[in-house]
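Everything below concerns the one structure shown next.
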Amino acid sequence: MEFIEQVCARLEATAVRDHMNVAEAITTQFALVDAAQRVMGSDAVFTEDYGQVRDLATVGFGGGGRPRSTANVEQVLADFFGTEDAVLIHGAGSGAIRGMLNAGLRPGAKVVLHNAHPYKTTLPAMNHMGLQLVHADFNDLKGLRDTLHNARPDGIYVQHVPQQLGDSHDIAAVIESAREICGADAAILVDDNYAVMRARKIGAQMGANASAISLFKLLAPTPIGVVVGDGKLVNSIRLDLSSAGCQVQGSQAMGALRMLVHAPIALAIQNQTVLDATQRINELAISGELPFVHRAFAAQPGIRSIVLTFDRPLAEEFVRSAWRNGSPSQSVGEEAQYEFLPLFTYLTSTFLKAMPGLEQYAIRINPMRSGPDTIVRILRASLSDESFRNAVSSLETAKSSSER
């Protein structure tokens, strides 16, 4: 039990970023619609044009234009987030991060980032640019400030949601320290995926130069993303992607905006479901109705979810049982509009890499659009599954044999 208690202690120490409640989410929806109304007026909201409009050229006469409705949506997003500009990008969150890195940093630049495993598509983008990566523990603000003083980096890269167990740093404090020490010349770039429309503020609203956002994770029908931030940086991305084949067409832009309107309330309800389901699971576990379950946490291991811990190393067998008893076994870019059933799955790879053995004792449950009743029903069925019980018995037999 010593290992699982270590896991629980580190889960308790891991920050859960600021989450809007339902009332705040309603206000956020109204603000987004108000921004859209101010930019598009009445019938323009139904326009979905295609091609490069000459009046919107970015690289000389007729070159690098955008569809008018794409330009409108970009203006809506810039106004909503209070930034100088916004640019829509293909490739969802990863595409937005690549575009932000390419525009904000020169190849070979020195970048300070948290001493944790970056997201699986972020590190290759950094390596392809030949960036000099300087790691610092963002949880130790004094140590981070010392690193910034000594390294004098060209940029600071921040992931808004926690990257590993024990992450507790305050995003605003990290950004403030970076700006104070490094000044205006250093680019502060924030990966705000899984924080947007949950947190009350994103990186670009806290003083960062830019924020990368996946609209695909916010119910957009196509895998596009957006970078919001300083006008010079954002326009540099627009210039880099001026070819016609790189443009986000009007139908994709308008489809993303229409669905984004629904995201704040959906995510606020999801957050409340995480809290309510966690409480119910713990009550049932304490009463002995959920065998093998040690404890549940309302956590944010990269993605807002319930983290379920077990009193023995059977997480792999349990996940497979959950897939047989009501949970999908696959994801389409987690929280994309295609997903509404609760997902029982592994912890994110960045968390697992930071604590070897964790994969044997913990899984996570993303409610998506479900409620606590559905989650508890799948949990009970998965724990009662005959194949799962047989697998647990086999594990116990093997353990007893090895101890003799």
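Chain labels A, B, ... are given in the sequence in which chains occur in the structure tokens; within each chain residues are numbered consecutively from 1, and ligands are likewise numbered from 1 in the order shown.
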
Give one line per residue of segment 186-282 of chain A that approaches segment 39-57 of chain A to at most 9 Å, naming the two atoms of the closest pair and their distance in Å to one decimal, counting only C-alpha atoms; sort by chain then ascending residue number and deliver it as CSV.
residue,atom,partner,partner_atom,distance
A:Ser242,CA,A:Ala57,CA,8.7
A:Ala244,CA,A:Gln52,CA,6.7
A:Gln247,CA,A:Gly51,CA,8.0
A:Val248,CA,A:Tyr50,CA,8.9
A:Gln249,CA,A:Tyr50,CA,5.5
A:Gly250,CA,A:Glu48,CA,4.5
A:Ser251,CA,A:Glu48,CA,4.7
A:Gln252,CA,A:Glu48,CA,8.2
A:Ala253,CA,A:Glu48,CA,8.2
A:Met254,CA,A:Glu48,CA,6.8

Requested in this report: Determine the nearest neighbour of Ile306 of chain A from the options A:Pro372, A:Gly357, A:Pro118, A:Pro328, counting only C-alpha atoms.
Outcome: A:Pro372

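Comparing A:Gly108, A:Ala212, A:Met206, A:Ala315 by their smallest distance to Ile237 of chain A, the closest is A:Ala212 (using only C-alpha atoms).
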
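Remark: for Ala322 of chain A, the closest of the candidate residues A:Ser387, A:Thr309, A:Ser370, A:Thr122 is A:Ser387 (distances computed over only C-alpha atoms).
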
Requested in this report: Name all residues at most 10 Å from segment 100-103 of chain A (count only C-alpha atoms; drop same-chain ones fewer than 6 positions away) and give them as number ranges by chain.
Outcome: A: 94, 122, 125-126, 129, 131, 155, 157, 187, 189-191, 209-212, 226-229, 232-240

Residue selection dump (N, CA and C atoms) as a compact mmCIF listing (two decimals), in the first residue's frame:
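After the write, selection-v3.txt holds the following:
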# COMPACT_ATOMS: atom_id res chain seq x y z
N SER A 94 -2.19 20.88 -31.86
CA SER A 94 -0.79 20.69 -32.25
C SER A 94 -0.40 21.65 -33.36
N THR A 122 4.41 18.25 -29.00
CA THR A 122 5.10 19.52 -28.75
C THR A 122 6.60 19.36 -28.82
N ALA A 125 8.07 19.26 -32.32
CA ALA A 125 8.06 20.59 -32.94
C ALA A 125 9.23 21.43 -32.44
N MET A 126 9.54 21.31 -31.15
CA MET A 126 10.67 22.04 -30.58
C MET A 126 11.99 21.51 -31.13
N MET A 129 12.87 22.59 -34.64
CA MET A 129 13.36 23.96 -34.70
C MET A 129 14.76 24.09 -34.11
N LEU A 131 15.55 24.04 -30.97
CA LEU A 131 15.51 24.92 -29.81
C LEU A 131 16.41 24.40 -28.69
N GLY A 155 12.72 32.76 -25.01
CA GLY A 155 11.30 32.47 -24.84
C GLY A 155 11.04 31.62 -23.61
N TYR A 157 8.09 28.78 -22.41
CA TYR A 157 6.97 27.98 -22.88
C TYR A 157 6.23 27.41 -21.67
N ALA A 187 9.65 35.93 -25.73
CA ALA A 187 8.29 35.53 -26.07
C ALA A 187 7.77 34.55 -25.04
N LEU A 189 4.98 31.99 -24.42
CA LEU A 189 4.05 31.23 -25.25
C LEU A 189 3.35 30.20 -24.38
N VAL A 190 2.03 30.13 -24.49
CA VAL A 190 1.25 29.26 -23.61
C VAL A 190 0.40 28.27 -24.40
N ASP A 191 0.54 27.02 -24.05
CA ASP A 191 -0.36 25.97 -24.55
C ASP A 191 -1.58 25.98 -23.64
N ASN A 209 2.54 36.42 -24.66
CA ASN A 209 2.48 36.93 -26.03
C ASN A 209 1.46 36.21 -26.89
N ALA A 210 1.24 34.94 -26.59
CA ALA A 210 0.28 34.19 -27.41
C ALA A 210 -0.20 32.95 -26.67
N SER A 211 -1.38 32.51 -27.07
CA SER A 211 -1.96 31.26 -26.56
C SER A 211 -2.36 30.40 -27.74
N ALA A 212 -2.03 29.12 -27.65
CA ALA A 212 -2.42 28.15 -28.67
C ALA A 212 -3.63 27.37 -28.16
N VAL A 226 -6.51 27.70 -33.13
CA VAL A 226 -6.35 29.15 -33.26
C VAL A 226 -5.23 29.60 -32.35
N VAL A 227 -4.49 30.59 -32.79
CA VAL A 227 -3.51 31.28 -31.95
C VAL A 227 -4.02 32.69 -31.75
N VAL A 228 -4.14 33.10 -30.48
CA VAL A 228 -4.54 34.47 -30.15
C VAL A 228 -3.39 35.14 -29.43
N GLY A 229 -3.20 36.44 -29.70
CA GLY A 229 -2.11 37.12 -29.01
C GLY A 229 -1.68 38.39 -29.69
N LYS A 232 1.85 41.27 -34.04
CA LYS A 232 3.02 40.96 -34.86
C LYS A 232 3.24 39.45 -34.95
N LEU A 233 3.14 38.78 -33.81
CA LEU A 233 3.34 37.33 -33.78
C LEU A 233 2.25 36.61 -34.59
N VAL A 234 1.01 36.99 -34.36
CA VAL A 234 -0.10 36.33 -35.04
C VAL A 234 -0.03 36.58 -36.54
N ASN A 235 0.31 37.80 -36.95
CA ASN A 235 0.38 38.08 -38.39
C ASN A 235 1.54 37.34 -39.04
N SER A 236 2.59 37.07 -38.26
CA SER A 236 3.70 36.27 -38.79
C SER A 236 3.23 34.87 -39.15
N ILE A 237 2.34 34.30 -38.32
CA ILE A 237 1.77 32.98 -38.65
C ILE A 237 0.95 33.09 -39.93
N ARG A 238 0.17 34.14 -40.05
CA ARG A 238 -0.67 34.34 -41.23
C ARG A 238 0.20 34.42 -42.50
N LEU A 239 1.34 35.12 -42.40
CA LEU A 239 2.25 35.22 -43.54
C LEU A 239 2.85 33.86 -43.88
N ASP A 240 3.23 33.10 -42.85
CA ASP A 240 3.82 31.77 -43.07
C ASP A 240 2.84 30.84 -43.76
